[in-house]
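J.: Got a structure for you, written out below as structure tokens; questions coming shortly.
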Amino acid sequence: MSEASAQSEQPMVSMKRLNKWYGDFHVLRDIDLEVAKGERIVVCGPSGSGKSTLIRCINHLEEHQQGEITVNGITMTQDIKRIEQIRRNVGMVFQHFNLFPHLTVLENCCLSQVWVQKKPRRDAEKSAMEYLERVRIANQAHKYPGQLSGGQQQRVAIARALCMRPEVMLFDEPTSALDPEMIKEVLDVMIELAQEGMTMLCVTHEMGFARTVADRVIFMDEGQIVEEAPPETLFNDPQSPRTQEFLSQILGH
Amino acid sequence: MAATQVRSEMLAPRKAPDRRTGLVGWLRANLFSSPLNSLVTLALAALLVRLIWPFLEWALFNANFLGESREACSSGGACWVYISARFETIIYGFYPPELRWRVNIVFVLLALVIAWLAIPRMPFKKWGALCALIPFPIAAFLLLHGGYFGITTVPTRDWGGLMLTITIALLAMVGSLPLGIMLALGRRSTMPFVRGVCVLFIEFWRGVPLITVLFMASVMLPLFTPSGFDLDKLLRALIGIMLFWSAYMAEAVRSGLQAIPSGQSEAASALGLGYWHRMILVVLPQALKLVIPGIVNTFIVLFMDTSLVLIIGLFDFLAVIRSGLNDPEWLGYAIEGYVFAALVYWIFCSSMSRYSQYIERRLHTGH
């Protein structure tokens, strides 16, 4: 990210010397990262490199031990009120969708609007239907998640996160659990979202997606950021041997 | 050389091959599938008839149903007069006969409230739940016990029979489930103190037999409490039963909480929902649905174990039936008494079980 924009506007997400351990295992090592408003970041790297942990720290699904995280001007502390304030600014989409199976699609999208934002149910349903329309699944609004395909469920999960009108969207391997023929419908929705100017951090191995929308691609290995560059540069001319090896493994067949 | 094959027309779906369906098909498949099976079926059927027929003869065809005393039993079969002549005592215990209409009103109110809550088609469920939780218990207490607004007091030592059994069972169920849920949540808490207290509580109450709990509640407790502080014996027993079963309920609920993937709670957290919202809106509805069999199992055992209150001198349904066995007027009708008691317990417990199966089917959302 250029220095000029970092000074002119506060970053949407900023991490300073972030460190995290699982027991003795050092998962995140001195992570420094700034994400500007509207920026699209793709995080990739081998499994176990800490990329999911990194984005899960942003909404405190994982707790870090050292360093500082600031989201939309709010600095993370242990205070649960502060954490919940940050979570209201951050939407998240999971690998396994994590829709609530006992609620219909519409109820999934209304739940936090009604209970966190205290919206009247009718307004919540109206805005839920708008977002379901945008992910092209409004006609399934009264079904239960268990009756939908994986791709449909993931699109509902995206709509559910958007209903809270977040400033940042986190995607944790959103297409990894999908059958191949369903990946495109989810990526299309994500591309549209990126084009509308949403700030996004995506952990994904979909290189086509990264090339289309990412402003920066971050390559992580062993808990640290190894290389960080615009997609064309990183994919076509990787500098680090680790990046080169990783890319040759995922692109080499 | 590899053979190439291309389908030019897709196949339309066809009907499944004929299966044996209907009663005849079922009989063939399950009872008469081979000569040996047919033989076994016939032999067992003969045995069943040999066993059941005499029972039916005794219990129904040769039985006497109505009368005032044992003289009415002359036909050699079951003497249901033993039950019918003492029917009022079996239902009301020693509740003053001229006030038994009050118990009847409570029975009717209870039936209405249960119907309102249990039948899915009934409207205004929230109001029904509110009625069940506040006005109904107040009305039931005033009618059964009295003592306020000039209503004659009927002390709990006069309560008895089926009415007492239902009172104890219902209050214990209604009390132990929420308490058990709180304990289960507490046992999974990340706060060491809360978790410790819940573990201690659960392990303590699961470690003592119910009989001991009842005995302590009725005999020991008054020794330790200051004089003048006199809790009603039934109330003491009730609190003991409630605490005892809440420990079992907690473990049933905890098994359900553990079965819910952590992603559910994470997704709810990510949406900004706080702990109580996550539990009440997301985790508990799924967990409780999973443990309906365990909860109903506990309810059934709880219902039958209410008969243990006999040892602290409360005359519940079974105790009233048994008390007649020592009556010189009615010596020798123990079998009738116990068969009737078994039938009544079975009706209550199997209705709970059937209803829970129905609810499980209703709550299934295809995952």
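Residues in the structure tokens are named by chain (A, B, ... in the order shown) and by number from 1 within that chain; ligands are numbered from 1 in the order shown.
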What lies within 7 Å of Gly67 of chain B using only C-alpha atoms, ignoring chain neighbours under 4 positions off, as a list in words?
T.: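 Listing them by chain and then by number gives Ala72, Val81 and Ala85 of chain B.
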J.: Could you please write out, as a short mmCIF file (atom, residue, chain, number, x, y, z; two decimals) with all heavy atoms, in the first residue's frame, every residue of segment 119-238 of chain A that DSSP assigns to strand (DSSP E)?
T.:
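Below is the file part-v7.cif, written as the result:
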```cif
data_model
loop_
_atom_site.label_atom_id
_atom_site.label_comp_id
_atom_site.auth_asym_id
_atom_site.auth_seq_id
_atom_site.Cartn_x
_atom_site.Cartn_y
_atom_site.Cartn_z
N VAL A 168 -16.03 -4.37 6.52
CA VAL A 168 -15.02 -5.30 6.01
C VAL A 168 -15.65 -6.67 5.89
O VAL A 168 -16.46 -7.05 6.73
CB VAL A 168 -13.84 -5.44 7.01
CG1 VAL A 168 -12.71 -6.24 6.38
CG2 VAL A 168 -13.36 -4.10 7.49
N MET A 169 -15.30 -7.42 4.85
CA MET A 169 -15.75 -8.80 4.74
C MET A 169 -14.54 -9.72 4.78
O MET A 169 -13.56 -9.52 4.05
CB MET A 169 -16.52 -9.02 3.44
CG MET A 169 -17.93 -8.49 3.46
SD MET A 169 -19.08 -9.46 4.46
CE MET A 169 -19.34 -10.88 3.41
N LEU A 170 -14.63 -10.75 5.63
CA LEU A 170 -13.57 -11.75 5.70
C LEU A 170 -14.09 -13.04 5.07
O LEU A 170 -15.20 -13.47 5.35
CB LEU A 170 -13.20 -12.03 7.16
CG LEU A 170 -12.88 -10.81 8.04
CD1 LEU A 170 -12.62 -11.26 9.48
CD2 LEU A 170 -11.67 -10.07 7.49
N PHE A 171 -13.30 -13.64 4.21
CA PHE A 171 -13.69 -14.91 3.60
C PHE A 171 -12.63 -15.95 3.95
O PHE A 171 -11.47 -15.80 3.60
CB PHE A 171 -13.77 -14.78 2.07
CG PHE A 171 -14.89 -13.89 1.61
CD1 PHE A 171 -14.73 -12.52 1.55
CD2 PHE A 171 -16.10 -14.43 1.21
CE1 PHE A 171 -15.75 -11.69 1.12
CE2 PHE A 171 -17.13 -13.62 0.77
CZ PHE A 171 -16.96 -12.24 0.73
N ASP A 172 -13.07 -17.00 4.66
CA ASP A 172 -12.12 -18.03 5.08
C ASP A 172 -12.30 -19.27 4.20
O ASP A 172 -13.15 -20.10 4.48
CB ASP A 172 -12.35 -18.36 6.56
CG ASP A 172 -11.29 -19.29 7.12
OD1 ASP A 172 -10.38 -19.66 6.35
OD2 ASP A 172 -11.38 -19.65 8.30
N THR A 199 -14.43 -3.59 1.24
CA THR A 199 -13.11 -3.98 1.71
C THR A 199 -13.14 -5.48 1.99
O THR A 199 -14.01 -5.95 2.72
CB THR A 199 -12.77 -3.24 3.03
OG1 THR A 199 -13.09 -1.86 2.87
CG2 THR A 199 -11.32 -3.42 3.39
N MET A 200 -12.22 -6.23 1.38
CA MET A 200 -12.30 -7.68 1.52
C MET A 200 -10.94 -8.29 1.83
O MET A 200 -9.93 -7.88 1.28
CB MET A 200 -12.81 -8.31 0.19
CG MET A 200 -14.24 -7.99 -0.13
SD MET A 200 -14.69 -8.35 -1.83
CE MET A 200 -14.78 -10.12 -1.82
N LEU A 201 -10.96 -9.27 2.72
CA LEU A 201 -9.78 -10.11 2.93
C LEU A 201 -10.22 -11.55 2.67
O LEU A 201 -11.10 -12.06 3.36
CB LEU A 201 -9.28 -10.01 4.38
CG LEU A 201 -8.37 -8.83 4.71
CD1 LEU A 201 -9.13 -7.82 5.51
CD2 LEU A 201 -7.17 -9.33 5.49
N CYS A 202 -9.61 -12.19 1.66
CA CYS A 202 -10.04 -13.55 1.32
C CYS A 202 -8.87 -14.50 1.45
O CYS A 202 -7.83 -14.31 0.81
CB CYS A 202 -10.52 -13.64 -0.12
SG CYS A 202 -11.67 -12.37 -0.57
N VAL A 203 -9.08 -15.54 2.25
CA VAL A 203 -8.15 -16.65 2.21
C VAL A 203 -8.67 -17.58 1.13
O VAL A 203 -9.78 -18.09 1.24
CB VAL A 203 -8.11 -17.39 3.56
CG1 VAL A 203 -7.27 -18.64 3.44
CG2 VAL A 203 -7.57 -16.49 4.64
N ARG A 216 -3.90 -6.70 -3.81
CA ARG A 216 -2.64 -7.25 -3.31
C ARG A 216 -2.86 -8.71 -3.01
O ARG A 216 -3.94 -9.10 -2.55
CB ARG A 216 -2.26 -6.56 -1.99
CG ARG A 216 -1.28 -5.42 -2.12
CD ARG A 216 -0.82 -4.99 -0.74
NE ARG A 216 -1.89 -4.43 0.06
CZ ARG A 216 -1.82 -4.30 1.39
NH1 ARG A 216 -0.75 -4.69 2.05
NH2 ARG A 216 -2.82 -3.77 2.06
N VAL A 217 -1.84 -9.51 -3.24
CA VAL A 217 -1.88 -10.90 -2.80
C VAL A 217 -0.79 -11.05 -1.74
O VAL A 217 0.32 -10.55 -1.90
CB VAL A 217 -1.63 -11.89 -3.96
CG1 VAL A 217 -1.61 -13.32 -3.44
CG2 VAL A 217 -2.70 -11.73 -5.02
N ILE A 218 -1.19 -11.71 -0.64
CA ILE A 218 -0.24 -11.93 0.43
C ILE A 218 0.07 -13.41 0.49
O ILE A 218 -0.84 -14.24 0.55
CB ILE A 218 -0.82 -11.46 1.77
CG1 ILE A 218 -0.89 -9.93 1.77
CG2 ILE A 218 -0.01 -11.98 2.94
CD1 ILE A 218 -1.56 -9.36 2.98
N PHE A 219 1.35 -13.76 0.41
CA PHE A 219 1.73 -15.16 0.54
C PHE A 219 2.29 -15.39 1.93
O PHE A 219 3.22 -14.70 2.36
CB PHE A 219 2.77 -15.54 -0.53
CG PHE A 219 3.31 -16.92 -0.33
CD1 PHE A 219 2.52 -18.04 -0.61
CD2 PHE A 219 4.59 -17.13 0.16
CE1 PHE A 219 3.01 -19.32 -0.41
CE2 PHE A 219 5.08 -18.41 0.36
CZ PHE A 219 4.29 -19.50 0.07
N MET A 220 1.69 -16.34 2.65
CA MET A 220 2.13 -16.62 4.02
C MET A 220 2.76 -18.00 4.10
O MET A 220 2.35 -18.93 3.41
CB MET A 220 0.95 -16.58 5.00
CG MET A 220 0.47 -15.19 5.34
SD MET A 220 -0.80 -15.24 6.59
CE MET A 220 0.15 -15.65 8.05
N ASP A 221 3.76 -18.13 4.95
CA ASP A 221 4.31 -19.45 5.25
C ASP A 221 4.88 -19.41 6.67
O ASP A 221 5.43 -18.39 7.09
CB ASP A 221 5.40 -19.81 4.23
CG ASP A 221 5.72 -21.30 4.27
OD1 ASP A 221 4.96 -22.06 4.91
OD2 ASP A 221 6.72 -21.70 3.65
N GLN A 224 4.26 -16.29 8.92
CA GLN A 224 4.70 -14.94 8.60
C GLN A 224 4.35 -14.56 7.16
O GLN A 224 4.09 -15.43 6.33
CB GLN A 224 6.20 -14.78 8.84
CG GLN A 224 7.03 -15.95 8.37
CD GLN A 224 8.11 -16.29 9.37
OE1 GLN A 224 8.94 -15.45 9.65
NE2 GLN A 224 8.11 -17.50 9.91
N ILE A 225 4.32 -13.26 6.93
CA ILE A 225 4.07 -12.80 5.57
C ILE A 225 5.39 -12.88 4.82
O ILE A 225 6.36 -12.21 5.16
CB ILE A 225 3.52 -11.36 5.57
CG1 ILE A 225 2.15 -11.34 6.26
CG2 ILE A 225 3.41 -10.83 4.15
CD1 ILE A 225 1.53 -9.99 6.38
N VAL A 226 5.44 -13.74 3.79
CA VAL A 226 6.68 -13.96 3.06
C VAL A 226 6.80 -13.01 1.89
O VAL A 226 7.85 -12.45 1.61
CB VAL A 226 6.75 -15.42 2.56
CG1 VAL A 226 7.97 -15.63 1.67
CG2 VAL A 226 6.77 -16.38 3.75
N GLU A 227 5.68 -12.81 1.22
CA GLU A 227 5.73 -11.94 0.05
C GLU A 227 4.38 -11.27 -0.14
O GLU A 227 3.34 -11.86 0.16
CB GLU A 227 6.09 -12.77 -1.19
CG GLU A 227 6.47 -11.91 -2.38
CD GLU A 227 7.22 -12.72 -3.44
OE1 GLU A 227 7.66 -13.84 -3.14
OE2 GLU A 227 7.33 -12.21 -4.57
N GLU A 228 4.41 -10.07 -0.63
CA GLU A 228 3.19 -9.28 -0.70
C GLU A 228 3.33 -8.41 -1.94
O GLU A 228 4.29 -7.66 -2.05
CB GLU A 228 3.12 -8.45 0.58
CG GLU A 228 2.04 -7.46 0.65
CD GLU A 228 1.98 -6.81 2.05
OE1 GLU A 228 2.68 -7.25 2.97
OE2 GLU A 228 1.24 -5.86 2.17
N ALA A 229 2.41 -8.59 -2.92
CA ALA A 229 2.55 -7.86 -4.17
C ALA A 229 1.22 -7.87 -4.91
O ALA A 229 0.35 -8.67 -4.61
CB ALA A 229 3.63 -8.52 -5.04
#
```
J.: Expressed in Å to a single decimal, how great is the separation between atom CA of Leu325 of chain B and atom CA of Tyr82 of chain B?
T.: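 Going from atom CA of Leu325 of chain B over to atom CA of Tyr82 of chain B, I get 9.5 Å.
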J.: Dump as JSON lines the rows for residues of chain A within 7 Å of chain B: closest atom pair and distance in Å with one decimal, only C-alpha atoms counted, ordered by chain and rising residue number.
T.:
```
{"residue": "A:Asn59", "atom": "CA", "partner": "B:Ala270", "partner_atom": "CA", "distance": 6.7}
{"residue": "A:Leu61", "atom": "CA", "partner": "B:Glu266", "partner_atom": "CA", "distance": 6.8}
{"residue": "A:Glu84", "atom": "CA", "partner": "B:Gly272", "partner_atom": "CA", "distance": 5.4}
{"residue": "A:Arg87", "atom": "CA", "partner": "B:Gly272", "partner_atom": "CA", "distance": 5.1}
{"residue": "A:Arg88", "atom": "CA", "partner": "B:Gly272", "partner_atom": "CA", "distance": 5.3}
{"residue": "A:Gly91", "atom": "CA", "partner": "B:Ala270", "partner_atom": "CA", "distance": 6.6}
{"residue": "A:Met92", "atom": "CA", "partner": "B:Ala270", "partner_atom": "CA", "distance": 6.2}
{"residue": "A:Asn98", "atom": "CA", "partner": "B:Gln264", "partner_atom": "CA", "distance": 5.6}
{"residue": "A:Phe100", "atom": "CA", "partner": "B:Gln264", "partner_atom": "CA", "distance": 6.7}
{"residue": "A:Pro101", "atom": "CA", "partner": "B:His367", "partner_atom": "CA", "distance": 6.9}
{"residue": "A:His102", "atom": "CA", "partner": "B:Thr365", "partner_atom": "CA", "distance": 6.4}
{"residue": "A:Ser112", "atom": "CA", "partner": "B:Leu271", "partner_atom": "CA", "distance": 6.2}
{"residue": "A:Val116", "atom": "CA", "partner": "B:Leu273", "partner_atom": "CA", "distance": 6.2}
{"residue": "A:Tyr144", "atom": "CA", "partner": "B:Thr365", "partner_atom": "CA", "distance": 6.3}
{"residue": "A:Gly146", "atom": "CA", "partner": "B:His367", "partner_atom": "CA", "distance": 4.5}
{"residue": "A:Gln147", "atom": "CA", "partner": "B:Gly366", "partner_atom": "CA", "distance": 6.2}
{"residue": "A:Ala161", "atom": "CA", "partner": "B:Leu271", "partner_atom": "CA", "distance": 6.9}
```
J.: Keeping only C-alpha atoms, write the selected residues to a file as a PDB file, in the first residue's frame.
T.:
```pdb
ATOM      1  CA  ASN A  59     -12.952 -10.401  14.595  1.00  0.00           C
ATOM      2  CA  LEU A  61     -12.595 -15.617  16.848  1.00  0.00           C
ATOM      3  CA  GLU A  84     -18.693  -6.998  19.810  1.00  0.00           C
ATOM      4  CA  ARG A  87     -17.659  -7.674  15.102  1.00  0.00           C
ATOM      5  CA  ARG A  88     -20.541  -5.462  14.028  1.00  0.00           C
ATOM      6  CA  GLY A  91     -18.707  -9.773   8.224  1.00  0.00           C
ATOM      7  CA  MET A  92     -17.359 -13.281   7.904  1.00  0.00           C
ATOM      8  CA  ASN A  98     -22.074 -22.403   9.260  1.00  0.00           C
ATOM      9  CA  PHE A 100     -28.035 -22.111  11.390  1.00  0.00           C
ATOM     10  CA  PRO A 101     -29.787 -25.337  10.369  1.00  0.00           C
ATOM     11  CA  HIS A 102     -32.813 -24.833  12.627  1.00  0.00           C
ATOM     12  CA  SER A 112     -28.626 -10.580  14.061  1.00  0.00           C
ATOM     13  CA  VAL A 116     -28.025  -7.060  17.565  1.00  0.00           C
ATOM     14  CA  TYR A 144     -34.007 -24.593   5.481  1.00  0.00           C
ATOM     15  CA  GLY A 146     -30.281 -28.452   4.771  1.00  0.00           C
ATOM     16  CA  GLN A 147     -32.460 -28.353   1.656  1.00  0.00           C
ATOM     17  CA  ALA A 161     -23.023 -11.398   6.629  1.00  0.00           C
TER      18      ALA A 161
END
```
J.: Near Met182 of chain A, counting only C-alpha atoms, which residues have an atom at most 12 Å away, once you skip same-chain residues fewer than 6 positions from it, shown as a list of chain:residue names?
T.: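 Near Met182 of chain A, the qualifying residues are A:Leu148, A:Ser149, A:Gly150, A:Gly151, A:Gln152, A:Gln153, A:Gln154, A:Arg155, A:Pro174, A:Thr175, A:Ser176, A:Asp188, A:Val189.
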J.: Restrict the selected residues to N, CA, C and O atoms and save them as a PDB file, in the first residue's frame.
T.:
```pdb
ATOM      1  N   LEU A 148     -30.659 -26.976   0.717  1.00  0.00           N
ATOM      2  CA  LEU A 148     -29.971 -26.266  -0.367  1.00  0.00           C
ATOM      3  C   LEU A 148     -28.652 -26.949  -0.713  1.00  0.00           C
ATOM      4  O   LEU A 148     -28.074 -27.678   0.094  1.00  0.00           O
ATOM      5  N   SER A 149     -28.145 -26.674  -1.904  1.00  0.00           N
ATOM      6  CA  SER A 149     -26.831 -27.185  -2.300  1.00  0.00           C
ATOM      7  C   SER A 149     -25.742 -26.353  -1.612  1.00  0.00           C
ATOM      8  O   SER A 149     -26.014 -25.281  -1.067  1.00  0.00           O
ATOM      9  N   GLY A 150     -24.514 -26.860  -1.664  1.00  0.00           N
ATOM     10  CA  GLY A 150     -23.410 -26.158  -1.016  1.00  0.00           C
ATOM     11  C   GLY A 150     -23.232 -24.741  -1.543  1.00  0.00           C
ATOM     12  O   GLY A 150     -23.065 -23.796  -0.767  1.00  0.00           O
ATOM     13  N   GLY A 151     -23.286 -24.582  -2.861  1.00  0.00           N
ATOM     14  CA  GLY A 151     -23.102 -23.254  -3.446  1.00  0.00           C
ATOM     15  C   GLY A 151     -24.194 -22.300  -3.004  1.00  0.00           C
ATOM     16  O   GLY A 151     -23.930 -21.134  -2.686  1.00  0.00           O
ATOM     17  N   GLN A 152     -25.433 -22.824  -2.957  1.00  0.00           N
ATOM     18  CA  GLN A 152     -26.543 -21.985  -2.512  1.00  0.00           C
ATOM     19  C   GLN A 152     -26.356 -21.592  -1.046  1.00  0.00           C
ATOM     20  O   GLN A 152     -26.567 -20.442  -0.668  1.00  0.00           O
ATOM     21  N   GLN A 153     -25.922 -22.566  -0.231  1.00  0.00           N
ATOM     22  CA  GLN A 153     -25.729 -22.264   1.193  1.00  0.00           C
ATOM     23  C   GLN A 153     -24.669 -21.179   1.378  1.00  0.00           C
ATOM     24  O   GLN A 153     -24.811 -20.286   2.202  1.00  0.00           O
ATOM     25  N   GLN A 154     -23.585 -21.274   0.593  1.00  0.00           N
ATOM     26  CA  GLN A 154     -22.526 -20.288   0.760  1.00  0.00           C
ATOM     27  C   GLN A 154     -22.998 -18.902   0.324  1.00  0.00           C
ATOM     28  O   GLN A 154     -22.628 -17.898   0.938  1.00  0.00           O
ATOM     29  N   ARG A 155     -23.851 -18.848  -0.701  1.00  0.00           N
ATOM     30  CA  ARG A 155     -24.363 -17.540  -1.110  1.00  0.00           C
ATOM     31  C   ARG A 155     -25.273 -16.966  -0.032  1.00  0.00           C
ATOM     32  O   ARG A 155     -25.260 -15.762   0.244  1.00  0.00           O
ATOM     33  N   PRO A 174     -13.758 -19.719   1.182  1.00  0.00           N
ATOM     34  CA  PRO A 174     -15.199 -19.852   0.952  1.00  0.00           C
ATOM     35  C   PRO A 174     -15.571 -20.905  -0.089  1.00  0.00           C
ATOM     36  O   PRO A 174     -16.720 -21.337  -0.116  1.00  0.00           O
ATOM     37  N   THR A 175     -14.639 -21.318  -0.934  1.00  0.00           N
ATOM     38  CA  THR A 175     -15.022 -22.284  -1.976  1.00  0.00           C
ATOM     39  C   THR A 175     -14.380 -23.653  -1.775  1.00  0.00           C
ATOM     40  O   THR A 175     -14.580 -24.550  -2.581  1.00  0.00           O
ATOM     41  N   SER A 176     -13.627 -23.819  -0.680  1.00  0.00           N
ATOM     42  CA  SER A 176     -12.881 -25.078  -0.525  1.00  0.00           C
ATOM     43  C   SER A 176     -13.766 -26.283  -0.265  1.00  0.00           C
ATOM     44  O   SER A 176     -13.369 -27.409  -0.524  1.00  0.00           O
ATOM     45  N   ASP A 188     -18.639 -15.571  -8.432  1.00  0.00           N
ATOM     46  CA  ASP A 188     -19.309 -14.473  -9.139  1.00  0.00           C
ATOM     47  C   ASP A 188     -19.874 -13.459  -8.153  1.00  0.00           C
ATOM     48  O   ASP A 188     -19.747 -12.251  -8.339  1.00  0.00           O
ATOM     49  N   VAL A 189     -20.493 -13.977  -7.093  1.00  0.00           N
ATOM     50  CA  VAL A 189     -21.055 -13.092  -6.077  1.00  0.00           C
ATOM     51  C   VAL A 189     -19.940 -12.294  -5.408  1.00  0.00           C
ATOM     52  O   VAL A 189     -20.067 -11.077  -5.178  1.00  0.00           O
TER      53      VAL A 189
END
```
J.: Which residues are close to segment 124-136 of chain B, i.e. within 9 Å by only C-alpha atoms, leaving aside same-chain residues fewer than 2 positions away? Reply as a PyMOL selection string.
T.: chain B and resi 106+109-110+113-114+116-117+120+122+138-141
J.: Report as a PyMOL selection string all protein, DNA and RNA residues lying within 12 Å of Thr167 of chain B, evaluated on only C-alpha atoms, omitting residues in the same chain fewer than 4 positions from it.
T.: chain B and resi 91-92+103+106-107+110+137+140-141+144-145+156+159-163+171-175+234-235+237-238+303+306+316-317
J.: Among segment 94-208 of chain A, which residues carry a DSSP assignment of alpha helix (DSSP H), reported as a ChimeraX atom specification?
T.: /A:105-115,121-134,150-162,180-195,207-208
J.: Find the residue from A:Arg211, A:Lys126, A:Lys119, A:Lys16 that sits nearest to Ile58 of chain A; use only C-alpha atoms when measuring.
T.: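 Result for the nearest residue to Ile58 of chain A: A:Lys16.
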J.: Using only C-alpha atoms, which of the listed residues (A:Gln113, A:Gln66, A:Val42, A:Leu103) sits closest to Glu206 of chain A?
T.: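 Closest candidate: A:Val42.
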J.: What does the distance between atom CA of Glu173 of chain A and atom CA of Thr243 of chain A come to in Å, to one decimal place?
T.: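 According to the coordinates, atom CA of Glu173 of chain A and atom CA of Thr243 of chain A are separated by 19.0 Å.
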J.: Between atom CA of Asp305 of chain B and atom CA of Val320 of chain B, what distance in Å does the model show, to one decimal?
T.: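 Between these atoms lies a distance of 15.2 Å.
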